[in-house]
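Engineer: Sending over a structure as structure tokens; questions will come in a sec.
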Amino acid sequence: MIKIGLNTPPPNLLSRIGNAIEDVKTITHPLAKKYNKNILAMTFPKQDLNLGLEPSVLTVVPDGKNVRYIMDYNDIGFKDKDVDLYLCSVYVTGMKDFIKFAKQHPKSKIIVGGYEPTMNPQDFVDHAGKIITGPCDSFWETMEQGGQIVKGITLNRRIPRYDLYDIKLNQQIIPDKKPDDVVTSINTSSGCPNNCDFCCSPLMSNRIVSKPLELVKKEVEYLKQYNPKFIFIRDENFPLQKDWKQKLEAISKLDAKTYLFASANLMTEDTIKIMKNNNVYMTCLGLEDITREYGKNRKLDEVCEKHYKHGLFKYLSFIVDPLKVNTNEKSAEFYEKLTGRFNDLKPEMVCGNFLMPFKGTKLWDKYKHLVSKEDFSLYNSKSAFLEKNLERRLIDEFEMFKHQWKYYNSETYKGIREFKTNDTLYLRFLELKDMFARKIADAIEKNPQSKALKNLTLE
């Protein structure tokens with residue numbers, strides 16, 4: 001630890017000096033000297049300010065004053081002649097907008113990366129000069145590789161370019177987070193070895209690739225200037241790392257409420273105690289599809305009891321396959337079982353996601369006949385696009401919302417915490433309530449004879 005004395009620069013100055021040195025070192029990369037015009041980074045679809053955190057492309061973009069993050073790719077503010085490179089992070093839902101953008105700019109200047117280019121690189125051959133697959137945090141080293149399709153290189157030498165993005169825009173949906181509270185995030189590893197049949201994360205990296213502890217400490221030191229009240233550890237399964245305890249201890253120096261992804265099979269009582277003692281206030285445990293049994297969840301009831309015992313919040317995400325709730329009878333049976341699990345496990349937060357079959361996962365062959373190109377824009381986990389009857393699709397989407405709303409307003413939940421606190425969780429559900437009221441009213445206006453639509457109420 002550096003002691004502050006009369007001749008010792010303060011930590012924020014040391015941080016700036018260190019970043020400046022790293023910036024100079026990066027800019028002197030031989031390839032970087034070729035690109036002295038603007039380098040613009042953007043995400044497709046556009047950054048969601050209500051639900052998202054810092055865009056992951058900030059991890060990839062190089063240092064330099066000519067690098068900018070553009071919030072809206074429809075209004076970049078520069079002409080092609082003033083831009084050397086367009087760095088485009090593309091997810092499934094942004095594919096249509098990306099192609100539209102690519103047609104308006106020189107292919108040679110467009111560099112793509114992210115989930116969609118990794119899973120389907122051939123889809124970008126006609127639209128980008130360079131296609132980066134997999135994780136990447138060393139842009140120039142990656143660009144040095146020959147060929148149009150290259151594997152991303154990760155050297156773990158630098159932290160993301162937080163300076164390109166206003167961190168105060170982040171509005172994560174978190175219990176007790178008020179709209180003015182600052183929230184940020186950090187990745188201490190990438191990849192996942194579990195290879196769950198529904199998950200596309202292992203397609204980016206099918207093994208855990210850990211960042212060095214010293215780099216995590218450097219990033220934490222940088223994040224202190226934002227004084228965050230919350231921090232999200234974005235690793236797919238944080239306790240899978242051998243040095244997770246040391247990394248958590250480093251992150252705890254931020255004195256921020258920490259929440260993270262984990263799985264029940266890793267959450268021993270000692271693990272929960274260590275997390276509680278290092279500012280963890282909530283863990284995100286995947287309940288997944290309750291009609292199936294997952295090995296990682298065999299001890300879920302026991303683990304949830306220990307969370308309660310030690311004062312840790314539980315966040316349970318669940319998956320709904322539209323084909324399993326496509327009648328009123330099936331839906332009632334599914335949600336009765338789900339609500340029973342909520343009442344047993346007593347989570348402080350629940351989050352529903354509709355099944356999204358990704359190319360390359362074990363599920364793809366089973367569902368690919370139900371997925372069209374038009375469906376790709378609906379890969380947001382909140383659309384029941386596998387259901388092709390649009391009236392039934394709306395019913396499915398409302399049912400998912402309704403049963404979460406009912407749980408949050410139930411006697412069970414009142415014994416856990418207060419729901420109506422004007423935090424981002426409560427405010428988001430008020431938005432959803434209004435949104436579904438409008439959607440249902442519009443649907444009834446188009447089909448006034450539908451009894452099924454008229455029965456969609458929260459009562």
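Ordering of the structure tokens sets the chain letters (A, B, ...); residue numbers start at 1 within each chain; ligands are numbered from 1 in the order shown.
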Would you list the contacts of range 253-255 of chain A as a list of chain:residue names, taking every protein, DNA or RNA residue within 9 Å and counting only C-alpha atoms, but skipping same-chain residues closer than 4 positions in sequence?

Structural biologist: A:Val220, A:Glu221, A:Leu223, A:Lys224, A:Asn227, A:Pro228, A:Lys229, A:Phe230, A:Ile231, A:Leu248, A:Glu249, A:Asn278, A:Asn279

Engineer: List every residue of range 232-427 of chain A that DSSP, applied to the backbone of this structure, assigns to helix (DSSP H, G or I), and report them as a VMD selection string.

Structural biologist: chain A and resid 238 to 240 244 to 254 264 to 266 269 to 276 295 to 297 300 to 310 322 to 324 328 to 345 364 to 370 373 to 378 390 to 408 411 to 414 424 to 427

Engineer: With distances taken over only C-alpha atoms, which of A:Leu85, A:Ile149, A:Leu169, A:Leu31 is nearest to Glu54 in chain A?

Structural biologist: A:Leu169

Engineer: Got a sec to tell me which of range 213-242 of chain A DSSP assigns to strand (DSSP E), as a list in words?

Structural biologist: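 DSSP-assigned strand (DSSP E) residues in range 213-242 of chain A: Phe230, Ile231, Phe232 and Ile233 of chain A.
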
Engineer: Can you pull out every residue within 7 Å of range 233-235 of chain A, counting only C-alpha atoms, but drop anything in the same chain fewer than 5 positions away, and send it as a PyMOL selection string?

Structural biologist: chain A and resi 185-190+259-261

Engineer: I need the chosen residues saved as an mmCIF file, in the first residue's frame, with N, CA and C atoms.

Structural biologist:
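As a result, again.cif now contains:
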data_model
loop_
_atom_site.group_PDB
_atom_site.id
_atom_site.type_symbol
_atom_site.label_atom_id
_atom_site.label_comp_id
_atom_site.auth_asym_id
_atom_site.auth_seq_id
_atom_site.Cartn_x
_atom_site.Cartn_y
_atom_site.Cartn_z
ATOM 1 N N SER A 185 -19.797 -2.091 -13.020
ATOM 2 C CA SER A 185 -19.591 -3.538 -13.056
ATOM 3 C C SER A 185 -18.128 -3.834 -13.306
ATOM 4 N N ILE A 186 -17.778 -5.104 -13.156
ATOM 5 C CA ILE A 186 -16.407 -5.533 -13.393
ATOM 6 C C ILE A 186 -16.425 -7.001 -13.809
ATOM 7 N N ASN A 187 -15.560 -7.342 -14.745
ATOM 8 C CA ASN A 187 -15.336 -8.744 -15.104
ATOM 9 C C ASN A 187 -13.981 -9.157 -14.550
ATOM 10 N N THR A 188 -13.932 -10.257 -13.790
ATOM 11 C CA THR A 188 -12.650 -10.766 -13.318
ATOM 12 C C THR A 188 -12.265 -12.031 -14.074
ATOM 13 N N SER A 189 -13.176 -12.506 -14.915
ATOM 14 C CA SER A 189 -12.886 -13.667 -15.761
ATOM 15 C C SER A 189 -13.870 -13.657 -16.918
ATOM 16 N N SER A 190 -13.614 -14.497 -17.903
ATOM 17 C CA SER A 190 -14.557 -14.675 -18.995
ATOM 18 C C SER A 190 -14.686 -16.160 -19.281
ATOM 19 N N TYR A 259 -23.136 -7.599 -6.146
ATOM 20 C CA TYR A 259 -23.927 -8.776 -6.507
ATOM 21 C C TYR A 259 -23.252 -9.492 -7.661
ATOM 22 N N LEU A 260 -23.485 -10.795 -7.748
ATOM 23 C CA LEU A 260 -22.694 -11.617 -8.662
ATOM 24 C C LEU A 260 -23.455 -12.870 -9.057
ATOM 25 N N PHE A 261 -22.991 -13.496 -10.140
ATOM 26 C CA PHE A 261 -23.527 -14.773 -10.590
ATOM 27 C C PHE A 261 -22.790 -15.916 -9.888
#

Engineer: Determine, counting only C-alpha atoms, which protein, DNA and RNA residues have an atom within 9 Å of an atom of Thr59 in chain A; residues of the same chain fewer than 4 positions away are not included. Present the result as a count of residues only.

Structural biologist: 9

Engineer: With only C-alpha atoms counted and 12 Å as the cut-off, give the residues of range 343-439 of chain A in contact with range 120-134 of chain A, each with its shortest interatomic distance in Å and the pair that gives it, as CSV.

Structural biologist:
residue,atom,partner,partner_atom,distance
A:Phe358,CA,A:Asn120,CA,10.5
A:Lys359,CA,A:Asn120,CA,8.1
A:Gly360,CA,A:Asn120,CA,9.1

Engineer: Of the candidates A:Ser263, A:Lys296, A:Met119, A:Gly286, which one gets nearest to Thr361 in chain A if we count only C-alpha atoms?

Structural biologist: A:Met119

Engineer: Using Å and a single decimal, report how far CA of Leu378 in chain A sits from CA of Arg392 in chain A.

Structural biologist: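 Computed distance, CA of Arg392 in chain A to CA of Leu378 in chain A, equals 16.0 Å.
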
Engineer: Write out as a Markdown table the residues of range 228-316 of chain A that have any atom within 12 Å of an atom of range 414-430 of chain A, one row each with the nearest atom pair and its distance in Å to one decimal, counting only C-alpha atoms, sorted by chain and then rising number.

Structural biologist:
| residue | atom | partner | partner_atom | distance |
| --- | --- | --- | --- | --- |
| A:Tyr308 | CA | A:Ile416 | CA | 9.6 |
| A:Gly311 | CA | A:Ile416 | CA | 11.0 |
| A:Leu312 | CA | A:Ile416 | CA | 11.7 |
| A:Phe313 | CA | A:Ile416 | CA | 9.8 |
| A:Lys314 | CA | A:Ile416 | CA | 10.9 |
| A:Tyr315 | CA | A:Leu425 | CA | 11.9 |
